Amino acid sequence: MTRRSTRTSALRDFLESESAGGMLLIFAAALAMLIANSAFGETYSHAIHAVTGPVLSDKLGPMTVHLWINDGLMAIFFLLVGLEIKREFVDGRLASWDRRRLPFIAAAAGMAVPALLYMAFAGGTPGLAQGWAIPAATDIAFAIGVLALLGKRAPTSLKLFLVTVAIVDDMGAVAIIALFYTAKINLVALAAAGAVFALMFVCNRMGIKSLLVYLLLFVLLWYAMLLSGVHATIAGVLAAMAIPFERTPGAPDSATSPLHRLEHALHPWVAFAIVPFFGFANAGVDISGLTAEQIFAPLPLGIAAGLFLGKQIGIFGSVWLAVKFGIAGKLRGATWLQIYGVSLLCGIGFTMSLFIGGLAFPGDALLIEEAKIGILMGSLVAALAGYAVLRFAPLHPQHGAVEASCDDEIVGDGDVRDTSEPISA
């Protein structure tokens with residue numbers, strides 16, 4: 001008899017929490033914009049940058065609300081990202097090269113084309129070239145939140161394609177942060193971080209499954225990384241790689257797997273608290289005196305063009321070429337117009353783009369504000385255009401049958417085995 005779990009699958013849990021969390025993120029960002037452009041704008045700014053803690057790092061200085069969110073809480077966000085990456089690679093839709101092919105191609109093109117467009121618009125302006133990575137990543141929560149507004153009109157294969165591409169995007173963003181947005185390295189602190197990371201793997205090999213042990217070591221790893229000069233949030237992804245994981249091929253998620261337990265536990269906190277807090281703390285831009293000249297300045301224009309134009313060109317173009325040349329199969333139960341619509345939604349780069357924007361222009365409030373304007377413009381246009389296309393696109397002729405099949409697979413296996421048709425189809 002196939003073993004069943006009373007727990008929902010990590011996939012279903014993810015989609016449900018990301019959908020509702022995406023709605024909350026949209027609300028938090030809109031609220032921040034409203035407050036920043038009201039009589040309470042100055043109060044909002046002072047509250048976000050209020051000193052609330054000691055000096056943990058000479059580079060950062062006294063801890064503020066903004067730093068606790070961006071360097072502290074976001075490490076937990078990256079921990080969840082790392083858990084999702086590990087689950088997908090070990091026992092999910094990225095477990096084999098056949099399944100990895102299409103999302104990797106789409107994600108790579110969806111990062112490269114926006115970066116190239118950004119450089120075309122802004123790279124020639126002195127001091128702006130380091131912002132090339134800002135439009136490269138997709139915001140999972142925001143995009144899934146928009147898809148949730150479509151209800152059952154959005155095919156499961158589109159949702160999973162979007163999630164998988166965004167996860168691969170996140171891998172690229174983590175690598176970019178580590179390689180290109182790292183300050184002067186403190187080798188002693190980096191060695192300490194390496195020692196803690198190694199200890200976590202030793203605990204894994206010894207069969208220790210207590211999450212408390214790994215979470216305590218995660219805090220030490222975070223602090224060592226904070227002191228090292230490598231961005232502290234990278235500690236989240238590293239820690240996730242050391243969390244023990246029980247594979248359950250052909251069966252629902254194991255209720256005893258430490259990785260599954262931690263992923264289930266973190267999802268609501270990240271979706272309903274951490275990401276909305278981050279959005280509220282970073283989306284508040286005063287646009288009351290904004291002029292057309294500022295909107296169409298190289299930095300915001302380059303970011304907006306990268307998100308709206310670059311993402312759709314890179315992702316839809318690469319998927320179409322991959323299917324045309326027999327490299328990958330077309331998404332199950334989705335039309336080409338729907339695939340184009342989800343490519344537009346991939347241009348929502350809110351959370352990770354805001355995060356990278358702060359790293360690209362450290363200490364330059366003006367450029368950070370300009371970057372936020374570009375991110376908000378590009379993400380908003382991508383969200384509205386993507387929603388419109390998907391709302392009015394005709395459904396696939398076999399939409400109902402494919403959706404029923406996907407639901408059965410999630411119930412029986414905890415995941416959908418393959419989101420693409422056979423290459424020969």
# chains A, B, ... in the order shown; residues from 1 in each chain; ligands from 1
>>> residues_around(residues="region 106-113 of chain A", least_positions_apart="6", cutoff="7 Å", atoms="only C-alpha atoms", output="VMD selection string")
chain A and resid 136 to 137 165 168 to 169 310 to 311 314 to 315 318 to 319
>>> residues_around(residues="Asp139 (chain A)", least_positions_apart="3", cutoff="10 Å", atoms="only C-alpha atoms", output="ChimeraX atom specification")
/A:22,142-145,162-163,166-167,169-170,345-353,379
>>> closest_residue(among="A:Gly306, A:Gly326, A:Gly358, A:Pro258", to="Ile208 (chain A)", atoms="only C-alpha atoms")
A:Pro258
>>> select_by_dssp(residues="region 108-343 of chain A", states="alpha helix (DSSP H)", output="number ranges by chain")
A: 108-122, 140-148, 156-180, 187-205, 211-228, 234-242, 258-269, 275-282, 292-295, 298-305, 311-324, 336-343
>>> closest_atom_pairs(of="region 203-302 of chain A", to="region 34-40 of chain A", cutoff="7 Å", atoms="only C-alpha atoms", output="tab-separated table")
residue	atom	partner	partner_atom	distance
A:Gly284	CA	A:Ala36	CA	5.2
A:Val285	CA	A:Ala36	CA	6.0
A:Asp286	CA	A:Asn37	CA	5.2
A:Ile287	CA	A:Asn37	CA	6.7
A:Ser288	CA	A:Asn37	CA	6.2
>>> write_last_selection(atoms="all heavy atoms", output="short mmCIF file (atom, residue, chain, number, x, y, z; two decimals), in the first residue's frame")
data_model
loop_
_atom_site.label_atom_id
_atom_site.label_comp_id
_atom_site.auth_asym_id
_atom_site.auth_seq_id
_atom_site.Cartn_x
_atom_site.Cartn_y
_atom_site.Cartn_z
N GLY A 284 8.55 52.24 0.04
CA GLY A 284 8.08 53.60 0.28
C GLY A 284 8.91 54.63 -0.44
O GLY A 284 9.98 55.04 0.04
N VAL A 285 8.47 55.06 -1.60
CA VAL A 285 9.19 56.06 -2.41
C VAL A 285 8.31 57.30 -2.52
O VAL A 285 7.13 57.21 -2.88
CB VAL A 285 9.51 55.52 -3.81
CG1 VAL A 285 10.28 56.56 -4.60
CG2 VAL A 285 10.29 54.23 -3.73
N ASP A 286 8.89 58.45 -2.22
CA ASP A 286 8.16 59.71 -2.33
C ASP A 286 8.16 60.15 -3.80
O ASP A 286 9.19 60.53 -4.35
CB ASP A 286 8.82 60.78 -1.46
CG ASP A 286 8.05 62.10 -1.46
OD1 ASP A 286 7.01 62.17 -2.15
OD2 ASP A 286 8.47 63.03 -0.76
N ILE A 287 7.00 60.05 -4.44
CA ILE A 287 6.91 60.42 -5.86
C ILE A 287 6.10 61.70 -6.05
O ILE A 287 5.73 62.04 -7.18
CB ILE A 287 6.24 59.29 -6.67
CG1 ILE A 287 4.83 58.98 -6.14
CG2 ILE A 287 7.10 58.03 -6.65
CD1 ILE A 287 4.07 58.00 -7.00
N SER A 288 5.88 62.42 -4.95
CA SER A 288 5.05 63.62 -5.03
C SER A 288 5.65 64.68 -5.95
O SER A 288 4.94 65.39 -6.65
CB SER A 288 4.84 64.21 -3.63
OG SER A 288 6.08 64.48 -3.00
#
>>> closest_residue(among="A:Ala122, A:Val219, A:Leu380, A:Leu150", to="Ala297 (chain A)", atoms="only C-alpha atoms")
A:Ala122
>>> residues_around(residues="region 75-86 of chain A", least_positions_apart="3", cutoff="10 Å", atoms="only C-alpha atoms", output="MDAnalysis selection string")
chainID A and resid 10:11 14 68:72 89:92 94:95 164 167:168 170:171 174 218:219 222 231:243 245 259:260 262:267 269:271 274:275
>>> closest_residue(among="A:Val146, A:Ala189, A:Val402, A:Leu128", to="Ala20 (chain A)", atoms="only C-alpha atoms")
A:Val146
>>> closest_atom_pairs(of="region 272-311 of chain A", to="region 381-400 of chain A", cutoff="10 Å", atoms="only C-alpha atoms", output="Markdown table")
| residue | atom | partner | partner_atom | distance |
| --- | --- | --- | --- | --- |
| A:Ala304 | CA | A:Val381 | CA | 8.7 |
| A:Leu307 | CA | A:Ala382 | CA | 7.4 |
| A:Phe308 | CA | A:Ala382 | CA | 5.3 |
| A:Leu309 | CA | A:Ala382 | CA | 8.6 |
| A:Lys311 | CA | A:Ala382 | CA | 9.2 |
>>> select_by_dssp(residues="region 26-181 of chain A", states="strand (DSSP E)", output="MDAnalysis selection string")
chainID A and resid 51:57 61:64
>>> residues_around(residues="Leu299 (chain A)", least_positions_apart="2", cutoff="12 Å", atoms="only C-alpha atoms", output="PyMOL selection string")
chain A and resi 117-132+134-135+293-297+301-306+357+360-361+366-375+377-378
>>> atom_distance(atom1="CA of Thr43 (chain A)", atom2="CA of Pro268 (chain A)")
29.0 Å
>>> atom_distance(atom1="CA of His66 (chain A)", atom2="CA of Ala191 (chain A)")
27.6 Å
>>> atom_distance(atom1="CA of Trp320 (chain A)", atom2="CA of Arg332 (chain A)")
14.1 Å
>>> closest_residue(among="A:Leu67, A:Leu321, A:Val342, A:Ala115", to="Val55 (chain A)", atoms="only C-alpha atoms")
A:Leu67
>>> residues_around(residues="Pro244 (chain A)", least_positions_apart="6", cutoff="10 Å", atoms="only C-alpha atoms", output="PDB file with C-alpha atoms, in the first residue's frame")
ATOM      1  CA  MET A 200      26.488  21.613  10.123  1.00  0.00           C
ATOM      2  CA  PHE A 201      27.413  19.021   7.514  1.00  0.00           C
ATOM      3  CA  CYS A 203      25.840  16.956  12.151  1.00  0.00           C
ATOM      4  CA  ASN A 204      24.006  15.920   9.003  1.00  0.00           C
ATOM      5  CA  ARG A 205      26.373  12.981   8.398  1.00  0.00           C
ATOM      6  CA  GLY A 207      22.287  11.583  11.550  1.00  0.00           C
ATOM      7  CA  ILE A 208      21.297  14.472  13.835  1.00  0.00           C
ATOM      8  CA  LYS A 209      17.756  15.503  12.928  1.00  0.00           C
ATOM      9  CA  SER A 210      17.055  18.081  15.636  1.00  0.00           C
ATOM     10  CA  LEU A 211      16.166  21.330  13.864  1.00  0.00           C
ATOM     11  CA  TYR A 214      20.811  23.443  12.882  1.00  0.00           C
ATOM     12  CA  SER A 257      12.065  14.870   7.141  1.00  0.00           C
ATOM     13  CA  PRO A 258      13.805  17.826   8.844  1.00  0.00           C
ATOM     14  CA  LEU A 259      13.885  19.799   5.587  1.00  0.00           C
ATOM     15  CA  HIS A 260      10.184  19.280   4.940  1.00  0.00           C
TER      16      HIS A 260
END
